[in-house]
Amino acid sequence: MIKKTFKVSDMTCTNCAMKLESLEDMLDGVKEINASYHKLQMVIEYDESKLTDDQIIAAVQKKGYHAVLA
Amino acid sequence: MSSRQQKTTFDPVILVALGIGLITIAVILFAFQNQTDQALAIGIGSGLWGRVTVAFVTGLTTGGLSCLAVQGGLLASSLAHQIEQDYLEQSMQLAKRGNKKSLPQKRSNTALPILLFLIAKLIAYTLLGILLGWLGSFLTLSPLMRAFLMIAIGIFMIGNALRMFNVHPIFRYFSVEPPKFITRYIRRTSKGTDTFTPIFLGALTVFIPCGVTQAMMAAALATGSPLTGAAMMFAFILGTSPVFFIVAYLTTELGSRLEKFFMRFVAVAVLILGLVTLDGGLNVIGSPLSLQNLSRSLIQSESSSSTQTSSSQLADGQLTLNVQNKGYFPQTLRAAANTAFTLNLVTNKTYSCARDFVIPSLNVYKLLPDTGTIQVDIPAQPSGTRMFFTCSMGMYTGMIVFE
């Protein structure tokens, strides 16, 4: 398991954070996602053998946001 | 032109609202069948049904608008969140398609957050009714505590409006970020629908009751029965709900026509309501910096020689203040400096929150009868003192000038 932080600067409300956290149920290999509108970031704990940074960024993009590795 | 036929659909939320409206009309007709003016008096009526009916009608008439004036800001905050989300989703779809005309207009789903807000409020006040009937006056907030709560809520709303205007990143912290275990629970039960904010804010209204609500709370307290207390509060809040729903829904529907200006429109509304709430809080603590006190002081100092509109008669060491449904008259009283006197508070069929009389600097709080006279002893004050008085929600104000 590895923990990484992504900056998501186009979040505009707390519901955006909730949307990003919903990736927890959608991406295989994710243990936990903590997204914060206040900090405009998303901390994700995942199994790196099952998931890559690019896949995470693509999944975030599908939700309508742009993630950058912090 | 599109040949596709528009399918007629009924929003279940609207149907529920219509149902509430029809029940409301039925109860009004029933309530006013045998009662006229006195239906508005709080606490009259015999038996559980009588009390509940009066509570409902009071909510529907005076309570609805009075509560909307005080708690409308929280409702606006709930809606702002939903509208913001809808607007964003629509903007994202537009950006993806790259063609504005190809996207059908989507209505903002504001009915659901309004209903959630009102249901949460209804439940919270019903629970409060149980507690009031049970625990007596222990739970009553003092005017000062309520004032600080109003100031805090006002600042929260102003900050939230500035966040929506994107003034500075610091204002992001004015947005309530619910605990993770709650968001996780909501996500898994409601599949991403933002239900937390309106529910939370609806329940929060229990801490900022308007004057009429407070009078109803006092009546619930006096019943000494959890069941009757709960029934009264439930009926009263149910009565206030149609006004809340209709005003809020129509306002937002009108706003959705404004499209790109709507976000700013909502932010402006939240900002104004925030300022009003903050001003009310400042009034209740007797701050000379509130808008009403500031303007009154300025006008008073400009026309200090004139006493035509503001003077009152000082006879036998007594001053009289008429407490009416629309406020206090005269709004400015003049009293002799360094002389103690008695202030007569006269009510005559007064049912508004003006009955909850507060003098913050003396820590005086009186719930006046709807008709009658209550006396308050005012100690001697040095010349130039301005003593502010207000209703407990800071809606109606006035001052005594010592000279």
# chains A, B, ... in the order shown; residues from 1 in each chain; ligands from 1
call {"tool": "closest_atom_pairs", "arguments": {"of": "chain A", "to": "chain B", "cutoff": "12 Å", "atoms": "only C-alpha atoms", "output": "JSON lines"}}
result
{"residue": "A:Ser9", "atom": "CA", "partner": "B:Pro169", "partner_atom": "CA", "distance": 10.9}
{"residue": "A:Asp10", "atom": "CA", "partner": "B:Leu88", "partner_atom": "CA", "distance": 10.9}
{"residue": "A:Met11", "atom": "CA", "partner": "B:Leu88", "partner_atom": "CA", "distance": 10.2}
{"residue": "A:Thr12", "atom": "CA", "partner": "B:Met164", "partner_atom": "CA", "distance": 8.4}
{"residue": "A:Cys13", "atom": "CA", "partner": "B:Ser175", "partner_atom": "CA", "distance": 7.3}
{"residue": "A:Thr14", "atom": "CA", "partner": "B:Glu177", "partner_atom": "CA", "distance": 5.9}
{"residue": "A:Asn15", "atom": "CA", "partner": "B:Asp194", "partner_atom": "CA", "distance": 6.7}
{"residue": "A:Cys16", "atom": "CA", "partner": "B:Gln85", "partner_atom": "CA", "distance": 8.4}
{"residue": "A:Ala17", "atom": "CA", "partner": "B:Glu177", "partner_atom": "CA", "distance": 8.9}
{"residue": "A:Met18", "atom": "CA", "partner": "B:Thr183", "partner_atom": "CA", "distance": 6.7}
{"residue": "A:Lys19", "atom": "CA", "partner": "B:Gly192", "partner_atom": "CA", "distance": 6.7}
{"residue": "A:Leu20", "atom": "CA", "partner": "B:Gly192", "partner_atom": "CA", "distance": 10.1}
{"residue": "A:Glu21", "atom": "CA", "partner": "B:Arg184", "partner_atom": "CA", "distance": 8.1}
{"residue": "A:Ser22", "atom": "CA", "partner": "B:Arg187", "partner_atom": "CA", "distance": 7.0}
{"residue": "A:Leu23", "atom": "CA", "partner": "B:Arg187", "partner_atom": "CA", "distance": 10.8}
{"residue": "A:Glu24", "atom": "CA", "partner": "B:Arg184", "partner_atom": "CA", "distance": 9.7}
{"residue": "A:Asp25", "atom": "CA", "partner": "B:Arg188", "partner_atom": "CA", "distance": 9.0}
{"residue": "A:Met26", "atom": "CA", "partner": "B:Arg188", "partner_atom": "CA", "distance": 11.9}
{"residue": "A:Glu32", "atom": "CA", "partner": "B:Arg184", "partner_atom": "CA", "distance": 10.6}
{"residue": "A:Ile33", "atom": "CA", "partner": "B:Lys180", "partner_atom": "CA", "distance": 9.8}
{"residue": "A:Asn34", "atom": "CA", "partner": "B:Lys180", "partner_atom": "CA", "distance": 7.7}
{"residue": "A:Ala35", "atom": "CA", "partner": "B:Lys180", "partner_atom": "CA", "distance": 9.2}
{"residue": "A:Ser36", "atom": "CA", "partner": "B:Glu177", "partner_atom": "CA", "distance": 7.8}
{"residue": "A:Tyr37", "atom": "CA", "partner": "B:Arg172", "partner_atom": "CA", "distance": 7.3}
{"residue": "A:His38", "atom": "CA", "partner": "B:Arg172", "partner_atom": "CA", "distance": 5.5}
{"residue": "A:Lys39", "atom": "CA", "partner": "B:Arg172", "partner_atom": "CA", "distance": 8.5}
{"residue": "A:Leu40", "atom": "CA", "partner": "B:Arg172", "partner_atom": "CA", "distance": 9.4}
{"residue": "A:Gln61", "atom": "CA", "partner": "B:Met92", "partner_atom": "CA", "distance": 11.3}
{"residue": "A:Lys62", "atom": "CA", "partner": "B:Met92", "partner_atom": "CA", "distance": 11.0}
{"residue": "A:Lys63", "atom": "CA", "partner": "B:Met92", "partner_atom": "CA", "distance": 9.9}
{"residue": "A:Gly64", "atom": "CA", "partner": "B:Met92", "partner_atom": "CA", "distance": 7.0}
{"residue": "A:Tyr65", "atom": "CA", "partner": "B:Met92", "partner_atom": "CA", "distance": 9.6}
call {"tool": "write_last_selection", "arguments": {"atoms": "C-alpha atoms", "output": "PDB file, in the first residue's frame"}}
result
ATOM      1  CA  SER A   9      -7.396  22.852  -7.933  1.00  0.00           C
ATOM      2  CA  ASP A  10     -10.728  22.997  -9.739  1.00  0.00           C
ATOM      3  CA  MET A  11     -12.868  21.821  -6.826  1.00  0.00           C
ATOM      4  CA  THR A  12     -15.491  24.455  -6.067  1.00  0.00           C
ATOM      5  CA  CYS A  13     -17.454  23.053  -3.138  1.00  0.00           C
ATOM      6  CA  THR A  14     -17.503  20.271  -0.571  1.00  0.00           C
ATOM      7  CA  ASN A  15     -19.648  18.163  -2.852  1.00  0.00           C
ATOM      8  CA  CYS A  16     -16.725  18.008  -5.305  1.00  0.00           C
ATOM      9  CA  ALA A  17     -14.697  16.366  -2.534  1.00  0.00           C
ATOM     10  CA  MET A  18     -17.488  13.881  -1.956  1.00  0.00           C
ATOM     11  CA  LYS A  19     -17.547  13.091  -5.661  1.00  0.00           C
ATOM     12  CA  LEU A  20     -13.830  12.409  -5.702  1.00  0.00           C
ATOM     13  CA  GLU A  21     -14.132  10.206  -2.643  1.00  0.00           C
ATOM     14  CA  SER A  22     -16.700   8.133  -4.504  1.00  0.00           C
ATOM     15  CA  LEU A  23     -13.762   6.828  -6.580  1.00  0.00           C
ATOM     16  CA  GLU A  24     -13.041   4.729  -3.517  1.00  0.00           C
ATOM     17  CA  ASP A  25     -15.898   2.433  -4.570  1.00  0.00           C
ATOM     18  CA  MET A  26     -15.004   2.507  -8.250  1.00  0.00           C
ATOM     19  CA  GLU A  32      -9.103   4.975   1.165  1.00  0.00           C
ATOM     20  CA  ILE A  33      -9.555   8.424  -0.384  1.00  0.00           C
ATOM     21  CA  ASN A  34      -9.694  11.616   1.625  1.00  0.00           C
ATOM     22  CA  ALA A  35     -10.522  14.618  -0.515  1.00  0.00           C
ATOM     23  CA  SER A  36     -10.649  18.129   0.880  1.00  0.00           C
ATOM     24  CA  TYR A  37     -12.210  21.158  -0.734  1.00  0.00           C
ATOM     25  CA  HIS A  38     -10.517  23.374   1.843  1.00  0.00           C
ATOM     26  CA  LYS A  39      -7.062  22.130   0.824  1.00  0.00           C
ATOM     27  CA  LEU A  40      -7.969  21.445  -2.823  1.00  0.00           C
ATOM     28  CA  GLN A  61     -10.742  13.497 -15.110  1.00  0.00           C
ATOM     29  CA  LYS A  62     -13.811  11.365 -15.779  1.00  0.00           C
ATOM     30  CA  LYS A  63     -15.373  12.994 -12.728  1.00  0.00           C
ATOM     31  CA  GLY A  64     -14.743  16.364 -14.352  1.00  0.00           C
ATOM     32  CA  TYR A  65     -11.648  17.491 -12.467  1.00  0.00           C
TER      33      TYR A  65
END
call {"tool": "select_by_dssp", "arguments": {"residues": "chain A", "states": "strand (DSSP E or B)", "output": "PyMOL selection string"}}
result
chain A and resi 2-8+30-36+41-46+67-69
call {"tool": "write_last_selection", "arguments": {"atoms": "C-alpha atoms", "output": "CSV table (one decimal), in the first residue's frame"}}
result
chain,number,residue,atom,x,y,z
A,2,ILE,CA,1.2,3.5,-0.8
A,3,LYS,CA,-0.3,6.9,0.1
A,4,LYS,CA,-0.1,9.8,-2.4
A,5,THR,CA,-1.4,13.3,-2.5
A,6,PHE,CA,-2.9,14.9,-5.7
A,7,LYS,CA,-3.7,18.5,-6.1
A,8,VAL,CA,-7.2,19.1,-7.5
A,30,VAL,CA,-8.0,1.7,-3.5
A,31,LYS,CA,-8.1,1.4,0.3
A,32,GLU,CA,-9.1,5.0,1.2
A,33,ILE,CA,-9.6,8.4,-0.4
A,34,ASN,CA,-9.7,11.6,1.6
A,35,ALA,CA,-10.5,14.6,-0.5
A,36,SER,CA,-10.6,18.1,0.9
A,41,GLN,CA,-6.3,18.1,-2.6
A,42,MET,CA,-7.0,14.4,-2.5
A,43,VAL,CA,-5.0,11.9,-0.5
A,44,ILE,CA,-5.3,8.4,-1.8
A,45,GLU,CA,-4.1,5.2,-0.3
A,46,TYR,CA,-3.9,2.4,-2.8
A,67,ALA,CA,-5.5,16.1,-10.7
A,68,VAL,CA,-1.8,16.7,-10.5
A,69,LEU,CA,0.6,14.7,-8.3
call {"tool": "atom_distance", "arguments": {"atom1": "CA of Ala55 in chain B", "atom2": "CA of Leu221 in chain B"}}
result
13.4 Å
call {"tool": "atom_distance", "arguments": {"atom1": "CA of Ala152 in chain B", "atom2": "CA of Phe200 in chain B"}}
result
16.0 Å
call {"tool": "atom_distance", "arguments": {"atom1": "CA of Met1 in chain A", "atom2": "CA of Ala58 in chain A"}}
result
19.9 Å
call {"tool": "select_by_dssp", "arguments": {"residues": "range 8-58 of chain A", "states": "helix (DSSP H, G or I)", "output": "ChimeraX atom specification"}}
result
/A:14-25,53-58
call {"tool": "write_last_selection", "arguments": {"atoms": "C-alpha atoms", "output": "PDB file, in the first residue's frame"}}
result
ATOM      1  CA  THR A  14     -17.503  20.271  -0.571  1.00  0.00           C
ATOM      2  CA  ASN A  15     -19.648  18.163  -2.852  1.00  0.00           C
ATOM      3  CA  CYS A  16     -16.725  18.008  -5.305  1.00  0.00           C
ATOM      4  CA  ALA A  17     -14.697  16.366  -2.534  1.00  0.00           C
ATOM      5  CA  MET A  18     -17.488  13.881  -1.956  1.00  0.00           C
ATOM      6  CA  LYS A  19     -17.547  13.091  -5.661  1.00  0.00           C
ATOM      7  CA  LEU A  20     -13.830  12.409  -5.702  1.00  0.00           C
ATOM      8  CA  GLU A  21     -14.132  10.206  -2.643  1.00  0.00           C
ATOM      9  CA  SER A  22     -16.700   8.133  -4.504  1.00  0.00           C
ATOM     10  CA  LEU A  23     -13.762   6.828  -6.580  1.00  0.00           C
ATOM     11  CA  GLU A  24     -13.041   4.729  -3.517  1.00  0.00           C
ATOM     12  CA  ASP A  25     -15.898   2.433  -4.570  1.00  0.00           C
ATOM     13  CA  ASP A  53      -0.937   7.323 -10.974  1.00  0.00           C
ATOM     14  CA  ASP A  54      -2.106   7.770 -14.549  1.00  0.00           C
ATOM     15  CA  GLN A  55      -5.157   5.612 -13.949  1.00  0.00           C
ATOM     16  CA  ILE A  56      -6.030   7.720 -10.920  1.00  0.00           C
ATOM     17  CA  ILE A  57      -5.605  10.948 -12.869  1.00  0.00           C
ATOM     18  CA  ALA A  58      -7.776   9.557 -15.677  1.00  0.00           C
TER      19      ALA A  58
END
call {"tool": "decode", "arguments": {"residues": "range 56-70 of chain A", "atoms": "N, CA and C atoms", "output": "JSON list (two decimals), in the first residue's frame"}}
result
[["chain", "number", "residue", "atom", "x", "y", "z"],
["A", 56, "ILE", "N", -5.33, 6.86, -11.90],
["A", 56, "ILE", "CA", -6.03, 7.72, -10.92],
["A", 56, "ILE", "C", -6.38, 9.06, -11.55],
["A", 57, "ILE", "N", -5.39, 9.64, -12.22],
["A", 57, "ILE", "CA", -5.61, 10.95, -12.87],
["A", 57, "ILE", "C", -6.71, 10.85, -13.92],
["A", 58, "ALA", "N", -6.74, 9.76, -14.65],
["A", 58, "ALA", "CA", -7.78, 9.56, -15.68],
["A", 58, "ALA", "C", -9.15, 9.42, -15.03],
["A", 59, "ALA", "N", -9.18, 8.69, -13.91],
["A", 59, "ALA", "CA", -10.47, 8.51, -13.21],
["A", 59, "ALA", "C", -10.99, 9.84, -12.67],
["A", 60, "VAL", "N", -10.08, 10.66, -12.16],
["A", 60, "VAL", "CA", -10.46, 11.99, -11.65],
["A", 60, "VAL", "C", -10.99, 12.85, -12.79],
["A", 61, "GLN", "N", -10.32, 12.72, -13.94],
["A", 61, "GLN", "CA", -10.74, 13.50, -15.11],
["A", 61, "GLN", "C", -12.16, 13.12, -15.55],
["A", 62, "LYS", "N", -12.46, 11.82, -15.42],
["A", 62, "LYS", "CA", -13.81, 11.36, -15.78],
["A", 62, "LYS", "C", -14.86, 12.00, -14.88],
["A", 63, "LYS", "N", -14.45, 12.33, -13.68],
["A", 63, "LYS", "CA", -15.37, 12.99, -12.73],
["A", 63, "LYS", "C", -15.49, 14.49, -13.03],
["A", 64, "GLY", "N", -14.66, 14.97, -13.96],
["A", 64, "GLY", "CA", -14.74, 16.36, -14.35],
["A", 64, "GLY", "C", -13.71, 17.28, -13.72],
["A", 65, "TYR", "N", -12.66, 16.68, -13.14],
["A", 65, "TYR", "CA", -11.65, 17.49, -12.47],
["A", 65, "TYR", "C", -10.25, 17.15, -13.01],
["A", 66, "HIS", "N", -9.31, 18.01, -12.67],
["A", 66, "HIS", "CA", -7.93, 17.79, -13.10],
["A", 66, "HIS", "C", -7.02, 17.57, -11.89],
["A", 67, "ALA", "N", -6.42, 16.39, -11.84],
["A", 67, "ALA", "CA", -5.54, 16.07, -10.71],
["A", 67, "ALA", "C", -4.08, 16.11, -11.14],
["A", 68, "VAL", "N", -3.25, 16.63, -10.25],
["A", 68, "VAL", "CA", -1.80, 16.68, -10.48],
["A", 68, "VAL", "C", -1.12, 16.13, -9.24],
["A", 69, "LEU", "N", -0.13, 15.26, -9.46],
["A", 69, "LEU", "CA", 0.59, 14.67, -8.32],
["A", 69, "LEU", "C", 1.31, 15.79, -7.55],
["A", 70, "ALA", "N", 1.08, 15.82, -6.25],
["A", 70, "ALA", "CA", 1.66, 16.90, -5.44],
["A", 70, "ALA", "C", 3.11, 16.61, -5.11]]
